Amino acid sequence: QVQLVESGGGLVQAGGSLRLSCAASGRTFDRYAVSWFRQAPGKGRDFVAGISRYGGSSLYGDSVKGRFTMSRDNAKNMIYLQMASLKPEDTAVYYCAAGRAAVPGTVLGIEEGRYDSWGQGTQVTVSS
């Protein structure tokens, strides 16, 4: 397993941008596919974006497609989520998660059970 720590959350106005980071520990980070999830108050946790172990494949939830961009830097053990054109409905706690894909080079997707490492989350609040 890897340990994950998110940062970069905060308060931003609608239409603004924010970049979240997730620092991973462990020497085998590049063996893991990674994703971002979010959980709004009173709601379940939703898939936001995912990326394969070397970054060659990515997947985005419909609500963020075209506005969010996920990337990773395996040399630095870092994962990023660049968020633009933020909306009040993007307000949530954002989590990064990592897991081993059965098929190398694929994105793990929306099933939370496929992930074995989770960060503690970082709060993003978008004001209208």
# chains A, B, ... in the order shown; residues from 1 in each chain; ligands from 1

$ residues_around --residues "range 9-21 of chain A" --least-positions-apart "4" --cutoff "12 Å" --atoms "only C-alpha atoms" --output "CSV table (one decimal) with C-alpha atoms, in the first residue's frame"
chain,number,residue,atom,x,y,z
A,4,LEU,CA,-1.7,9.5,0.6
A,5,VAL,CA,-1.9,13.0,1.9
A,35,SER,CA,-8.1,8.6,-8.7
A,36,TRP,CA,-9.9,11.5,-7.1
A,37,PHE,CA,-13.2,11.2,-5.4
A,38,ARG,CA,-15.3,13.8,-3.7
A,67,ARG,CA,-13.1,21.7,-16.5
A,68,PHE,CA,-10.8,19.4,-14.4
A,69,THR,CA,-7.5,17.9,-15.4
A,70,MET,CA,-5.7,15.1,-13.5
A,71,SER,CA,-2.0,14.4,-13.8
A,72,ARG,CA,0.7,12.6,-11.9
A,73,ASP,CA,4.5,12.9,-11.5
A,76,LYS,CA,8.0,13.1,-7.3
A,77,ASN,CA,5.3,10.7,-6.0
A,78,MET,CA,2.7,13.4,-6.6
A,79,ILE,CA,-0.8,13.5,-8.0
A,80,TYR,CA,-2.6,16.6,-9.1
A,81,LEU,CA,-6.1,17.8,-9.9
A,82,GLN,CA,-6.3,21.1,-11.7
A,83,MET,CA,-9.8,22.5,-11.3
A,84,ALA,CA,-11.1,25.4,-13.4
A,85,SER,CA,-14.4,27.1,-13.9
A,86,LEU,CA,-15.4,26.0,-10.5
A,87,LYS,CA,-19.1,25.9,-9.5
A,88,PRO,CA,-20.8,25.9,-6.1
A,89,GLU,CA,-21.8,22.3,-6.7
A,90,ASP,CA,-18.1,21.4,-6.8
A,91,THR,CA,-18.1,22.1,-3.0
A,92,ALA,CA,-17.0,18.9,-1.3
A,93,VAL,CA,-14.2,17.1,0.5
A,94,TYR,CA,-11.9,15.7,-2.2
A,95,TYR,CA,-10.0,12.4,-1.6
A,96,CYS,CA,-7.3,10.8,-3.6
A,119,GLY,CA,-6.1,10.0,1.8
A,121,GLY,CA,-9.4,14.5,2.3
A,122,THR,CA,-9.1,18.2,1.6
A,123,GLN,CA,-12.1,20.6,1.7
A,124,VAL,CA,-13.0,22.7,-1.4
A,125,THR,CA,-15.6,25.3,-1.0
A,126,VAL,CA,-16.9,27.3,-4.0
A,127,SER,CA,-18.9,30.4,-3.2
A,128,SER,CA,-21.5,31.8,-5.5

$ select_by_dssp --residues "range 16-51 of chain A" --states "strand (DSSP E)" --output "ChimeraX atom specification"
/A:18-24,33-39,45-51

$ write_last_selection --atoms "C-alpha atoms" --output "PDB file, in the first residue's frame"
ATOM      1  CA  LEU A  18      -7.737  25.627  -7.687  1.00  0.00           C
ATOM      2  CA  ARG A  19      -5.100  22.910  -7.820  1.00  0.00           C
ATOM      3  CA  LEU A  20      -5.209  19.992  -5.444  1.00  0.00           C
ATOM      4  CA  SER A  21      -2.159  17.897  -4.715  1.00  0.00           C
ATOM      5  CA  CYS A  22      -1.789  14.438  -3.270  1.00  0.00           C
ATOM      6  CA  ALA A  23       1.573  13.276  -1.958  1.00  0.00           C
ATOM      7  CA  ALA A  24       2.195   9.543  -1.952  1.00  0.00           C
ATOM      8  CA  ALA A  33      -3.548   3.684 -10.626  1.00  0.00           C
ATOM      9  CA  VAL A  34      -4.853   6.753  -8.821  1.00  0.00           C
ATOM     10  CA  SER A  35      -8.142   8.590  -8.713  1.00  0.00           C
ATOM     11  CA  TRP A  36      -9.851  11.550  -7.118  1.00  0.00           C
ATOM     12  CA  PHE A  37     -13.235  11.224  -5.435  1.00  0.00           C
ATOM     13  CA  ARG A  38     -15.347  13.838  -3.696  1.00  0.00           C
ATOM     14  CA  GLN A  39     -18.075  13.875  -1.108  1.00  0.00           C
ATOM     15  CA  ARG A  45     -18.700   9.799  -2.414  1.00  0.00           C
ATOM     16  CA  ASP A  46     -18.472  10.340  -6.178  1.00  0.00           C
ATOM     17  CA  PHE A  47     -15.761   9.568  -8.685  1.00  0.00           C
ATOM     18  CA  VAL A  48     -14.128  12.702 -10.091  1.00  0.00           C
ATOM     19  CA  ALA A  49     -11.174  11.580 -12.193  1.00  0.00           C
ATOM     20  CA  GLY A  50      -8.742   8.708 -12.544  1.00  0.00           C
ATOM     21  CA  ILE A  51      -5.392   8.114 -14.163  1.00  0.00           C
TER      22      ILE A  51
END

$ select_by_dssp --residues "range 15-91 of chain A" --states "helix (DSSP H, G or I)" --output "list in words"
Phe29, Asp30, Arg31, Pro88, Glu89 and Asp90 of chain A

$ closest_residue --among "A:Ala40, A:Leu59, A:Val64, A:Ala97" --to "Glu112 in chain A" --atoms "only C-alpha atoms"
A:Ala97

$ residues_around --residues "Gly56 in chain A" --least-positions-apart "4" --cutoff "9 Å" --atoms "only C-alpha atoms" --output "list of chain:residue names"
A:Ile51, A:Ser52, A:Gly105, A:Thr106

$ closest_residue --among "A:Lys65, A:Arg53, A:Tyr115, A:Ser7" --to "Tyr32 in chain A" --atoms "only C-alpha atoms"
A:Arg53

$ residues_around --residues "Arg114 in chain A" --least-positions-apart "5" --cutoff "8 Å" --atoms "only C-alpha atoms" --output "ChimeraX atom specification"
/A:99-100,108

$ closest_residue --among "A:Arg31, A:Ser25, A:Gly42, A:Glu6" --to "Val103 in chain A" --atoms "only C-alpha atoms"
A:Arg31

$ closest_residue --among "A:Gln120, A:Thr28, A:Gln3, A:Ser57" --to "Val107 in chain A" --atoms "only C-alpha atoms"
A:Ser57
